[in-house]
Structures are given as structure tokens and as C-alpha cells.
$ cat run-v8.pdb   # PDB, C-alpha atoms
ATOM      1  CA  MET A   1     -30.299 -11.234  13.754
ATOM      2  CA  SER A   2     -26.619 -11.375  13.074
ATOM      3  CA  ASN A   3     -24.913 -14.704  12.615
ATOM      4  CA  PRO A   4     -22.198 -14.998  15.261
ATOM      5  CA  LEU A   5     -20.121 -17.090  12.881
ATOM      6  CA  ASN A   6     -19.760 -14.088  10.631
ATOM      7  CA  GLN A   7     -18.187 -12.124  13.422
ATOM      8  CA  VAL A   8     -15.235 -14.446  13.723
ATOM      9  CA  GLU A   9     -12.775 -14.231  10.899
ATOM     10  CA  ALA A  10     -11.602 -17.750  10.157
ATOM     11  CA  PRO A  11      -7.835 -18.110   9.919
ATOM     12  CA  LEU A  12      -6.870 -17.752   6.269
ATOM     13  CA  THR A  13      -4.648 -20.800   6.298
ATOM     14  CA  ASP A  14      -7.507 -23.262   6.846
ATOM     15  CA  ALA A  15      -9.536 -22.318   3.811
ATOM     16  CA  VAL A  16      -7.474 -23.590   0.871
ATOM     17  CA  ARG A  17      -6.528 -27.245   0.756
ATOM     18  CA  PHE A  18      -3.319 -28.387  -0.912
ATOM     19  CA  ALA A  19      -3.676 -32.032  -1.900
ATOM     20  CA  PRO A  20      -0.842 -34.487  -1.280
ATOM     21  CA  ARG A  21       1.048 -35.368  -4.494
ATOM     22  CA  ASN A  22       0.189 -38.976  -5.214
ATOM     23  CA  SER A  23       0.836 -39.598  -8.900
ATOM     24  CA  VAL A  24       2.044 -37.936 -12.091
ATOM     25  CA  GLU A  25      -1.426 -38.280 -13.559
ATOM     26  CA  GLN A  26      -3.046 -36.533 -10.594
ATOM     27  CA  VAL A  27      -0.510 -33.696 -10.687
ATOM     28  CA  GLU A  28      -0.650 -33.152 -14.455
ATOM     29  CA  GLU A  29      -4.183 -34.090 -15.453
ATOM     30  CA  SER A  30      -6.501 -33.539 -12.486
ATOM     31  CA  GLN A  31      -8.257 -30.526 -10.997
ATOM     32  CA  GLU A  32      -6.570 -30.955  -7.613
ATOM     33  CA  LEU A  33      -4.263 -28.214  -6.437
ATOM     34  CA  ALA A  34      -1.168 -30.120  -5.311
ATOM     35  CA  PRO A  35       1.672 -27.598  -5.479
ATOM     36  CA  ARG A  36       5.286 -28.634  -5.136
ATOM     37  CA  PHE A  37       7.361 -26.456  -2.814
ATOM     38  CA  ASP A  38      11.141 -26.737  -3.135
ATOM     39  CA  ARG A  39      13.564 -27.559  -0.310
ATOM     40  CA  ASP A  40      13.248 -23.952   0.909
ATOM     41  CA  GLY A  41       9.457 -24.277   0.947
ATOM     42  CA  LEU A  42       9.030 -22.023  -2.093
ATOM     43  CA  ILE A  43       7.262 -22.125  -5.453
ATOM     44  CA  ALA A  44       8.261 -19.811  -8.335
ATOM     45  CA  CYS A  45       5.738 -17.257  -9.589
ATOM     46  CA  VAL A  46       5.760 -15.385 -12.912
ATOM     47  CA  THR A  47       3.690 -12.210 -12.815
ATOM     48  CA  THR A  48       2.497 -10.547 -16.015
ATOM     49  CA  ASP A  49       0.461  -7.430 -16.743
ATOM     50  CA  ALA A  50      -3.014  -8.744 -17.640
ATOM     51  CA  THR A  51      -3.487  -6.016 -20.249
ATOM     52  CA  SER A  52      -0.128  -5.741 -22.006
ATOM     53  CA  GLY A  53       1.129  -9.278 -21.370
ATOM     54  CA  GLU A  54       4.471  -7.854 -20.250
ATOM     55  CA  VAL A  55       6.358  -9.944 -17.694
ATOM     56  CA  LEU A  56       6.609  -7.727 -14.619
ATOM     57  CA  MET A  57       8.585  -9.864 -12.210
ATOM     58  CA  LEU A  58       9.597 -13.351 -11.157
ATOM     59  CA  GLY A  59       8.928 -13.920  -7.477
ATOM     60  CA  TYR A  60       8.616 -16.770  -5.008
ATOM     61  CA  MET A  61       5.769 -17.814  -2.734
ATOM     62  CA  ASN A  62       5.791 -19.952   0.358
ATOM     63  CA  ARG A  63       2.700 -21.867   1.423
ATOM     64  CA  GLU A  64       1.227 -18.871   3.251
ATOM     65  CA  ALA A  65       1.849 -16.438   0.373
ATOM     66  CA  LEU A  66       0.153 -18.806  -2.076
ATOM     67  CA  GLU A  67      -2.842 -19.256   0.240
ATOM     68  CA  LYS A  68      -3.199 -15.523   0.841
ATOM     69  CA  THR A  69      -2.987 -14.771  -2.873
ATOM     70  CA  ILE A  70      -5.780 -17.281  -3.587
ATOM     71  CA  LEU A  71      -7.943 -16.023  -0.742
ATOM     72  CA  THR A  72      -7.508 -12.271  -1.114
ATOM     73  CA  GLY A  73      -6.989 -11.950  -4.886
ATOM     74  CA  GLU A  74      -3.931  -9.754  -4.263
ATOM     75  CA  ALA A  75      -0.393 -10.955  -4.940
ATOM     76  CA  HIS A  76       1.603 -12.062  -1.907
ATOM     77  CA  TYR A  77       5.178 -13.315  -2.145
ATOM     78  CA  TRP A  78       7.927 -14.543   0.129
ATOM     79  CA  SER A  79      10.776 -12.065   0.123
ATOM     80  CA  ARG A  80      13.931 -14.145  -0.034
ATOM     81  CA  SER A  81      16.183 -11.176   0.739
ATOM     82  CA  ARG A  82      14.152  -9.928   3.697
ATOM     83  CA  GLN A  83      12.806 -13.367   4.740
ATOM     84  CA  VAL A  84       9.281 -12.075   5.333
ATOM     85  CA  LEU A  85       5.817 -12.533   3.841
ATOM     86  CA  TRP A  86       5.446  -9.713   1.361
ATOM     87  CA  HIS A  87       2.076  -8.279   0.408
ATOM     88  CA  LYS A  88       3.178  -6.478  -2.743
ATOM     89  CA  GLY A  89       2.249  -2.793  -2.530
ATOM     90  CA  THR A  90       2.259  -2.398   1.239
ATOM     91  CA  THR A  91       5.045   0.182   1.071
ATOM     92  CA  SER A  92       4.701   1.502  -2.467
ATOM     93  CA  GLY A  93       0.948   1.326  -2.996
ATOM     94  CA  LEU A  94       1.701  -0.722  -6.147
ATOM     95  CA  VAL A  95      -0.742  -3.507  -5.305
ATOM     96  CA  GLN A  96      -1.175  -6.329  -7.842
ATOM     97  CA  ARG A  97      -4.793  -7.434  -8.211
ATOM     98  CA  VAL A  98      -5.066 -10.966  -9.634
ATOM     99  CA  VAL A  99      -7.099 -11.182 -12.848
ATOM    100  CA  GLU A 100      -6.219 -14.821 -13.483
ATOM    101  CA  MET A 101      -4.046 -17.377 -11.747
ATOM    102  CA  ARG A 102      -2.569 -20.420 -13.446
ATOM    103  CA  ILE A 103      -0.368 -23.342 -12.444
ATOM    104  CA  ASP A 104       1.940 -25.398 -14.632
ATOM    105  CA  ASP A 105       1.995 -29.079 -15.579
ATOM    106  CA  ASP A 106       4.019 -30.404 -12.647
ATOM    107  CA  GLN A 107       2.596 -27.760 -10.293
ATOM    108  CA  ASP A 108       5.924 -26.210  -9.317
ATOM    109  CA  ALA A 109       5.282 -22.786 -10.874
ATOM    110  CA  ILE A 110       2.502 -20.189 -10.714
ATOM    111  CA  TRP A 111       1.543 -17.614 -13.346
ATOM    112  CA  LEU A 112      -0.331 -14.529 -12.130
ATOM    113  CA  ARG A 113      -1.988 -12.167 -14.584
ATOM    114  CA  VAL A 114      -2.495  -8.949 -12.628
ATOM    115  CA  SER A 115      -3.801  -5.445 -12.975
ATOM    116  CA  LEU A 116      -1.411  -2.930 -11.488
ATOM    117  CA  GLY A 117      -2.641  -0.243  -9.183
ATOM    118  CA  ALA A 118      -1.105   3.190  -9.480
ATOM    119  CA  GLY A 119       1.323   3.848  -6.663
ATOM    120  CA  ILE A 120       1.244   6.548  -4.050
ATOM    121  CA  HIS A 121       3.792   8.502  -6.052
ATOM    122  CA  SER A 122       3.572   7.027  -9.507
ATOM    123  CA  ALA A 123       1.831   5.581 -12.509
ATOM    124  CA  PRO A 124       1.316   1.790 -12.490
ATOM    125  CA  ALA A 125       4.659   0.041 -12.045
ATOM    126  CA  SER A 126       6.148  -3.001 -10.416
ATOM    127  CA  CYS A 127       9.932  -2.754 -10.036
ATOM    128  CA  HIS A 128      11.792  -1.476  -6.962
ATOM    129  CA  VAL A 129      14.357   0.258  -9.208
ATOM    130  CA  GLY A 130      11.577   2.510 -10.541
ATOM    131  CA  TYR A 131      10.770   0.836 -13.838
ATOM    132  CA  ARG A 132       7.400  -0.553 -14.938
ATOM    133  CA  SER A 133       8.746  -4.096 -15.286
ATOM    134  CA  CYS A 134      11.732  -5.658 -13.518
ATOM    135  CA  PHE A 135      12.775  -6.847 -16.996
ATOM    136  CA  TYR A 136      13.652  -3.349 -18.248
ATOM    137  CA  ARG A 137      16.835  -4.447 -20.042
ATOM    138  CA  THR A 138      17.320  -6.558 -23.159
ATOM    139  CA  VAL A 139      20.217  -8.982 -23.645
ATOM    140  CA  ALA A 140      21.627  -8.838 -27.177
ATOM    141  CA  LEU A 141      22.029 -12.181 -28.913
ATOM    142  CA  LYS A 142      25.619 -13.103 -29.935
ATOM    143  CA  THR A 143      27.249 -10.539 -27.590
ATOM    144  CA  GLY A 144      25.212 -10.576 -24.359
ATOM    145  CA  LYS A 145      25.340  -6.782 -24.161
ATOM    146  CA  LEU A 146      22.523  -5.197 -22.158
ATOM    147  CA  ASP A 147      20.389  -2.328 -23.416
ATOM    148  CA  PHE A 148      17.528  -0.420 -21.787
ATOM    149  CA  ALA A 149      14.115  -1.360 -23.189
ATOM    150  CA  GLU A 150      12.519   1.169 -20.847
ATOM    151  CA  LYS A 151      14.174   4.492 -21.492
ATOM    152  CA  GLU A 152      12.932   6.264 -18.377
ATOM    153  CA  LYS A 153      11.938   5.258 -14.873
ATOM    154  CA  THR A 154       8.252   5.452 -13.991
ATOM    155  CA  PHE A 155       8.908   6.617 -10.449
ATOM    156  CA  ASP A 156      11.733   7.744  -8.186
ATOM    157  CA  PRO A 157      12.447   4.824  -5.842
ATOM    158  CA  THR A 158      13.965   7.020  -3.128
ATOM    159  CA  GLN A 159      10.668   8.895  -2.927
ATOM    160  CA  VAL A 160       8.693   5.644  -2.607
ATOM    161  CA  TYR A 161      10.953   3.442  -0.508
ATOM    162  CA  GLY A 162      12.972   6.073   1.378
ATOM    163  CA  ASP A 163      15.861   4.516   3.259
ATOM    164  CA  ALA A 164      14.577   0.916   3.068
ATOM    165  CA  PRO A 165      17.473  -1.437   2.268
ATOM    166  CA  ASN A 166      17.804  -2.419  -1.405
ATOM    167  CA  PRO A 167      16.669  -6.051  -1.812
ATOM    168  CA  THR A 168      19.244  -6.880  -4.501
ATOM    169  CA  VAL A 169      21.754  -9.463  -3.282
ATOM    170  CA  LEU A 170      25.197  -9.552  -4.894
TER
ATOM    171  CA  MET B   1      47.732 -10.308 -44.358
ATOM    172  CA  SER B   2      45.301 -12.386 -42.391
ATOM    173  CA  ASN B   3      45.378 -12.262 -38.655
ATOM    174  CA  PRO B   4      45.989 -15.806 -37.363
ATOM    175  CA  LEU B   5      43.815 -15.106 -34.341
ATOM    176  CA  ASN B   6      40.797 -14.784 -36.621
ATOM    177  CA  GLN B   7      41.349 -18.228 -38.061
ATOM    178  CA  VAL B   8      40.674 -19.989 -34.799
ATOM    179  CA  GLU B   9      37.050 -20.240 -33.873
ATOM    180  CA  ALA B  10      36.820 -19.588 -30.180
ATOM    181  CA  PRO B  11      34.917 -22.206 -28.172
ATOM    182  CA  LEU B  12      31.335 -21.097 -27.575
ATOM    183  CA  THR B  13      31.853 -20.792 -23.864
ATOM    184  CA  ASP B  14      34.521 -18.114 -24.261
ATOM    185  CA  ALA B  15      32.495 -15.804 -26.442
ATOM    186  CA  VAL B  16      30.034 -14.347 -23.957
ATOM    187  CA  ARG B  17      31.497 -12.662 -20.928
ATOM    188  CA  PHE B  18      29.671 -12.713 -17.615
ATOM    189  CA  ALA B  19      30.955  -9.813 -15.535
ATOM    190  CA  PRO B  20      31.702 -10.286 -11.834
ATOM    191  CA  ARG B  21      28.995  -8.760  -9.615
ATOM    192  CA  ASN B  22      30.638  -5.798  -7.934
ATOM    193  CA  SER B  23      27.878  -3.441  -6.793
ATOM    194  CA  VAL B  24      24.114  -3.014  -6.703
ATOM    195  CA  GLU B  25      24.439  -0.058  -9.046
ATOM    196  CA  GLN B  26      26.393  -2.104 -11.598
ATOM    197  CA  VAL B  27      23.916  -4.985 -11.451
ATOM    198  CA  GLU B  28      20.769  -2.845 -11.651
ATOM    199  CA  GLU B  29      21.770   0.172 -13.711
ATOM    200  CA  SER B  30      24.610  -0.798 -16.038
ATOM    201  CA  GLN B  31      24.821  -2.547 -19.399
ATOM    202  CA  GLU B  32      27.041  -5.317 -18.050
ATOM    203  CA  LEU B  33      25.682  -8.840 -18.096
ATOM    204  CA  ALA B  34      26.429 -10.087 -14.574
ATOM    205  CA  PRO B  35      23.958 -12.924 -13.964
ATOM    206  CA  ARG B  36      23.467 -14.449 -10.549
ATOM    207  CA  PHE B  37      23.368 -18.232 -10.482
ATOM    208  CA  ASP B  38      21.898 -19.858  -7.372
ATOM    209  CA  ARG B  39      23.624 -22.432  -5.163
ATOM    210  CA  ASP B  40      22.800 -25.098  -7.782
ATOM    211  CA  GLY B  41      24.379 -22.961 -10.501
ATOM    212  CA  LEU B  42      20.996 -22.099 -12.052
ATOM    213  CA  ILE B  43      19.098 -18.980 -13.122
ATOM    214  CA  ALA B  44      15.302 -19.010 -13.621
ATOM    215  CA  CYS B  45      13.903 -18.358 -17.103
ATOM    216  CA  VAL B  46      10.356 -17.334 -18.049
ATOM    217  CA  THR B  47       9.514 -18.141 -21.661
ATOM    218  CA  THR B  48       6.610 -16.429 -23.424
ATOM    219  CA  ASP B  49       5.150 -16.685 -26.909
ATOM    220  CA  ALA B  50       6.401 -13.553 -28.695
ATOM    221  CA  THR B  51       3.134 -13.204 -30.603
ATOM    222  CA  SER B  52       0.404 -14.017 -28.063
ATOM    223  CA  GLY B  53       2.288 -13.047 -24.900
ATOM    224  CA  GLU B  54       1.214 -16.324 -23.298
ATOM    225  CA  VAL B  55       3.592 -17.744 -20.706
ATOM    226  CA  LEU B  56       4.723 -21.081 -22.122
ATOM    227  CA  MET B  57       6.995 -22.401 -19.395
ATOM    228  CA  LEU B  58       9.269 -21.624 -16.497
ATOM    229  CA  GLY B  59      12.653 -23.258 -16.895
ATOM    230  CA  TYR B  60      16.155 -23.046 -15.513
ATOM    231  CA  MET B  61      19.485 -22.390 -17.183
ATOM    232  CA  ASN B  62      22.977 -23.150 -16.024
ATOM    233  CA  ARG B  63      25.928 -21.095 -17.275
ATOM    234  CA  GLU B  64      26.302 -23.180 -20.431
ATOM    235  CA  ALA B  65      22.579 -23.077 -21.292
ATOM    236  CA  LEU B  66      22.540 -19.285 -20.935
ATOM    237  CA  GLU B  67      25.644 -18.926 -23.104
ATOM    238  CA  LYS B  68      24.293 -21.240 -25.789
ATOM    239  CA  THR B  69      20.951 -19.444 -25.850
ATOM    240  CA  ILE B  70      22.711 -16.096 -26.365
ATOM    241  CA  LEU B  71      25.047 -17.483 -29.014
ATOM    242  CA  THR B  72      22.638 -19.599 -31.041
ATOM    243  CA  GLY B  73      19.361 -17.687 -30.605
ATOM    244  CA  GLU B  74      17.595 -20.933 -29.662
ATOM    245  CA  ALA B  75      16.418 -21.678 -26.133
ATOM    246  CA  HIS B  76      18.628 -24.001 -24.088
ATOM    247  CA  TYR B  77      17.795 -25.026 -20.545
ATOM    248  CA  TRP B  78      19.198 -27.189 -17.782
ATOM    249  CA  SER B  79      16.871 -30.100 -17.152
ATOM    250  CA  ARG B  80      16.714 -30.471 -13.383
ATOM    251  CA  SER B  81      14.940 -33.840 -13.573
ATOM    252  CA  ARG B  82      17.290 -35.341 -16.152
ATOM    253  CA  GLN B  83      20.393 -33.345 -15.077
ATOM    254  CA  VAL B  84      21.447 -32.593 -18.642
ATOM    255  CA  LEU B  85      21.788 -29.590 -20.930
ATOM    256  CA  TRP B  86      18.523 -29.431 -22.832
ATOM    257  CA  HIS B  87      18.263 -27.893 -26.286
ATOM    258  CA  LYS B  88      14.480 -27.502 -26.370
ATOM    259  CA  GLY B  89      13.048 -29.261 -29.402
ATOM    260  CA  THR B  90      15.758 -31.877 -29.908
ATOM    261  CA  THR B  91      13.258 -34.693 -29.385
ATOM    262  CA  SER B  92       9.957 -33.022 -30.259
ATOM    263  CA  GLY B  93      11.002 -30.610 -32.986
ATOM    264  CA  LEU B  94       9.383 -27.854 -30.918
ATOM    265  CA  VAL B  95      12.375 -25.522 -31.087
ATOM    266  CA  GLN B  96      12.048 -22.087 -29.476
ATOM    267  CA  ARG B  97      13.655 -19.314 -31.536
ATOM    268  CA  VAL B  98      14.496 -16.264 -29.419
ATOM    269  CA  VAL B  99      12.845 -13.046 -30.633
ATOM    270  CA  GLU B 100      13.932 -11.018 -27.615
ATOM    271  CA  MET B 101      15.830 -11.792 -24.435
ATOM    272  CA  ARG B 102      15.581  -9.762 -21.262
ATOM    273  CA  ILE B 103      17.085  -9.873 -17.775
ATOM    274  CA  ASP B 104      15.637  -8.537 -14.539
ATOM    275  CA  ASP B 105      16.812  -5.848 -12.112
ATOM    276  CA  ASP B 106      19.050  -8.007  -9.906
ATOM    277  CA  GLN B 107      19.994 -10.265 -12.821
ATOM    278  CA  ASP B 108      18.737 -13.507 -11.305
ATOM    279  CA  ALA B 109      15.979 -14.157 -13.866
ATOM    280  CA  ILE B 110      15.742 -14.276 -17.670
ATOM    281  CA  TRP B 111      12.720 -13.576 -19.859
ATOM    282  CA  LEU B 112      12.731 -15.134 -23.345
ATOM    283  CA  ARG B 113      10.192 -14.059 -25.952
ATOM    284  CA  VAL B 114      10.198 -16.873 -28.506
ATOM    285  CA  SER B 115       8.566 -17.966 -31.704
ATOM    286  CA  LEU B 116       7.521 -21.585 -31.560
ATOM    287  CA  GLY B 117       8.352 -23.937 -34.346
ATOM    288  CA  ALA B 118       5.784 -26.526 -35.308
ATOM    289  CA  GLY B 119       6.761 -29.959 -34.071
ATOM    290  CA  ILE B 120       7.393 -33.115 -35.994
ATOM    291  CA  HIS B 121       3.897 -34.289 -35.121
ATOM    292  CA  SER B 122       2.055 -31.155 -34.105
ATOM    293  CA  ALA B 123       1.130 -27.526 -34.345
ATOM    294  CA  PRO B 124       3.302 -25.103 -32.365
ATOM    295  CA  ALA B 125       3.349 -26.118 -28.695
ATOM    296  CA  SER B 126       5.660 -26.198 -25.740
ATOM    297  CA  CYS B 127       4.456 -28.551 -23.003
ATOM    298  CA  HIS B 128       5.494 -32.205 -22.580
ATOM    299  CA  VAL B 129       1.920 -33.116 -21.546
ATOM    300  CA  GLY B 130       0.720 -32.100 -25.017
ATOM    301  CA  TYR B 131      -0.664 -28.634 -24.372
ATOM    302  CA  ARG B 132       0.431 -25.388 -26.011
ATOM    303  CA  SER B 133       1.527 -23.849 -22.715
ATOM    304  CA  CYS B 134       2.637 -25.640 -19.547
ATOM    305  CA  PHE B 135       0.198 -23.324 -17.750
ATOM    306  CA  TYR B 136      -2.924 -24.975 -19.182
ATOM    307  CA  ARG B 137      -4.891 -24.874 -15.915
ATOM    308  CA  THR B 138      -6.351 -21.943 -13.995
ATOM    309  CA  VAL B 139      -6.499 -21.754 -10.204
ATOM    310  CA  ALA B 140      -9.811 -20.339  -8.964
ATOM    311  CA  LEU B 141      -9.551 -17.541  -6.423
ATOM    312  CA  LYS B 142     -11.130 -18.246  -3.015
ATOM    313  CA  THR B 143     -11.254 -22.051  -3.509
ATOM    314  CA  GLY B 144      -8.012 -23.021  -5.256
ATOM    315  CA  LYS B 145      -9.875 -25.372  -7.586
ATOM    316  CA  LEU B 146      -8.168 -26.079 -10.900
ATOM    317  CA  ASP B 147      -9.865 -25.800 -14.277
ATOM    318  CA  PHE B 148      -8.585 -26.440 -17.802
ATOM    319  CA  ALA B 149      -7.933 -23.227 -19.744
ATOM    320  CA  GLU B 150      -6.869 -25.304 -22.750
ATOM    321  CA  LYS B 151      -9.704 -27.657 -23.533
ATOM    322  CA  GLU B 152      -7.765 -29.976 -25.823
ATOM    323  CA  LYS B 153      -4.192 -31.121 -26.191
ATOM    324  CA  THR B 154      -2.267 -29.847 -29.204
ATOM    325  CA  PHE B 155      -0.400 -33.103 -29.684
ATOM    326  CA  ASP B 156      -0.244 -36.650 -28.367
ATOM    327  CA  PRO B 157       2.832 -36.842 -26.126
ATOM    328  CA  THR B 158       3.223 -40.611 -26.546
ATOM    329  CA  GLN B 159       3.592 -40.062 -30.281
ATOM    330  CA  VAL B 160       6.250 -37.392 -29.778
ATOM    331  CA  TYR B 161       8.201 -38.640 -26.771
ATOM    332  CA  GLY B 162       7.542 -42.386 -27.010
ATOM    333  CA  ASP B 163       8.780 -44.191 -23.928
ATOM    334  CA  ALA B 164      10.978 -41.365 -22.617
ATOM    335  CA  PRO B 165      10.536 -41.018 -18.838
ATOM    336  CA  ASN B 166       8.101 -38.312 -17.717
ATOM    337  CA  PRO B 167      10.107 -35.397 -16.268
ATOM    338  CA  THR B 168       7.541 -34.552 -13.571
ATOM    339  CA  VAL B 169       8.921 -35.147 -10.084
ATOM    340  CA  LEU B 170       6.468 -35.865  -7.235
TER
END

$ encode --input "run-v8.pdb" --output "C-alpha cells"
Amino acid sequence: MSNPLNQVEAPLTDAVRFAPRNSVEQVEESQELAPRFDRDGLIACVTTDATSGEVLMLGYMNREALEKTILTGEAHYWSRSRQVLWHKGTTSGLVQRVVEMRIDDDQDAIWLRVSLGAGIHSAPASCHVGYRSCFYRTVALKTGKLDFAEKEKTFDPTQVYGDAPNPTVL
Amino acid sequence: MSNPLNQVEAPLTDAVRFAPRNSVEQVEESQELAPRFDRDGLIACVTTDATSGEVLMLGYMNREALEKTILTGEAHYWSRSRQVLWHKGTTSGLVQRVVEMRIDDDQDAIWLRVSLGAGIHSAPASCHVGYRSCFYRTVALKTGKLDFAEKEKTFDPTQVYGDAPNPTVL
């Protein structure tokens, strides 16, 4: 006999509890998840490739994006330029599957170690410009001159994103 | 004959030029350093251990901290809790020497790969709570429960920081 409770999908947002932030000791030394969202309701998230250790991107999560990432094991962000919840890979196929999630001392930053799916049109990659990592350029010490650490793009962004507006804000 | 211009050491803040942000193409595809500071004048900075790849911390730089990091090769941040320029390691000895510096596609985030100096009282570490990395706790998928990835502290923070106020903001 089927359990009728299994037929109703509980709303995602009820399943993960964020504790209120009561003390420095609780935030730094306990096992309670008590994230700090900034005045825009966001928490910063560093995402690295779980295999290579390369930093892929720095994104931001709102409460819902953080909950969905914990519950689904796939990276969700808040797109500040588009002002929408952003399930990474919806358009490009470049889904980020969470291998490990960490939080920092004062619980105002997340670190995701992810495995990158191959895209619809490409090898594994993460950056909307077409590179593997968003951090595809080095900054020279002393001068500040930029240089390309990735010599070639992994995919052609026009093929993947079509006419979607570029998220870069000047 | 010596050139008198060479005899005057230019102030640090004049030596690195930040280009104005003119176009998406310039920001994403050129070799011009044109960082975007947010409404508080800050740019986010991910700092990783150049050897292990571990994410050590997520900090913020203002214009001066970014310039000084480029010019000196040692990580400088803006302390949001103390509202001061922060040459990492001044108190603890845990200086971060920059091995490689990168910037992301839209130039609103920095990635520093650093080698960690040993502290006055400790093995190499980065976190004010006493751990190697600020990200010393994992977040379990599905439940959000925290667990300690680092089982022991690397140093005793009271020995290193004494009575200095804890920077964690509730």
C-alpha cells in the first residue's frame, strides 16, 4: 500500500532550519547552521572544482538558494544582475553537483566543492564567457597587468546562451 | 645624466592604474585591470593555499588594499568589522605571500593563491578561531547539520590575539 505522505512533495523551504544567531561561540564553535545574510539578504559563495581545486566562480545565495543547494545537492545561486533564483546549468547544461559544502567561522560565506557536468555544447566549464573558470586571467604583481591563464575558451558562449543578455554589469 | 623624475619614489597609490570600465568586452576580454568596487568601495577576495588548494578565507579589499597587495605581494584586506586596512599577519605573524593573483570575468572578485607563513606561535594557519582554514566545518546535504572537518585547532587564539576584540559580527 502506498503511503499518501509520499505523494505530497513537502515544500523545500521547510526542511532546513537556520538557527538564530545568539552568540559568537555558537556561530564559531557549534554544529548549528546559523548563516548570516547581508543587508541584501545574500551570503557569498566560493565554488571550486572538487578534483582540480581550481576556483570556478564567486557567487551569492539568498536564503532560498542556500536551502535548495543543501536539499538538492546541486548549486543554486541568486543572480544579482538578473534578480532571479539561478539553478546553475539550467540554460547551459553546466550543472554543478556538490561534493562537499563548507561554511566559514562567522557563517557569512559558503565554500562549495563541485563536480562539473559537461554542457550541452561543451566540455566541463563554468564561466559565461566560455572559459572553464571565471578566473581565467592573472594579475601581475607590481604592475597589475592582466594575462590569460586559460589560452582558449572551452565553449562558444553564443552557441550556449544565444541572445540572452550578458550578466556583466559595468 | 640622471633623470630627476626617477629620483622621486612615487606614492604606492599612484603606481597601479585601475582603468575606467568602458565596455563589457574591455572588462571581460582585455588585459586592462578595471576592477568593480561595490557601493561600499569593496571587492570580494577568495584566498586559497597555493599548495593544497584549500580555501582559507573570503575577505574584502578596498582600493588601497588591492593596490598594496599588487605592489607588495602580501595580502592586504579591508576589515569590515574593524573598518581599517588590514595587512594580514601584522598581529599573528601569519602573513600571506601571494604566489598568483587572478581576477574574474566581470572583474568584481579576486582570487589569491598564497603561501602561508608560520605564525609567531603556530604552524601555518589563517583563521582567527585557531584553525588552518576559516572553512573548518562541513554542511551536510539534506539536513544542513555542521560537522568539524578540522578536528583540532592549529593554534590557541588567546595566545596569539590576546584581548583583541573578536571580529565576528552577529

$ interface_residues --input "run-v8.pdb" --of "chain A" --to "chain B" --cutoff "8 Å" --atoms "all atoms listed in the file" --output "PyMOL selection string"
chain A and resi 15-17+21-24+28+30-33+36+46+53-55+57-58+69-73+100-106+109+111+127+129+134-148+168-170

$ atom_distance --input "run-v8.pdb" --atom1 "atom CA of B:Trp86" --atom2 "atom CA of B:Asp49"
18.9 Å

$ atom_distance --input "run-v8.pdb" --atom1 "atom CA of B:His87" --atom2 "atom CA of A:Ile43"
24.3 Å

$ closest_residue --input "run-v8.pdb" --among "A:Pro165, A:Pro124, A:Gly41, A:Pro157" --to "A:Val95" --atoms "only C-alpha atoms"
A:Pro124

$ atom_distance --input "run-v8.pdb" --atom1 "atom CA of B:Ala75" --atom2 "atom CA of B:Phe37"
17.5 Å

$ resolve_selection --input "run-v8.pdb" --expression "the PyMOL selection byres ((chain B and resi 115) around 6)" --output "number ranges by chain"
B: 50, 96-97, 114, 116

$ axis_aligned_box --input "run-v8.pdb" --around "stretch 59-62 of chain B" --padding-each-side "5 Å" --output "AutoDock Vina command-line options"
--center_x 17.8 --center_y -22.8 --center_z -16.3 --size_x 20.3 --size_y 10.9 --size_z 11.7

$ resolve_selection --input "run-v8.pdb" --expression "the PyMOL selection byres ((chain A and resi 156) around 12)" --output "PyMOL selection string"
chain A and resi 92+119-123+125+127-132+152-155+157-162

$ closest_residue --input "run-v8.pdb" --among "B:Leu42, B:Leu94, B:Ala19, B:Ala164" --to "B:Arg63" --atoms "only C-alpha atoms"
B:Leu42

$ resolve_selection --input "run-v8.pdb" --expression "the PyMOL selection byres ((chain B and resi 78) around 6)" --output "PyMOL selection string"
chain B and resi 60-62+77+79+84-86
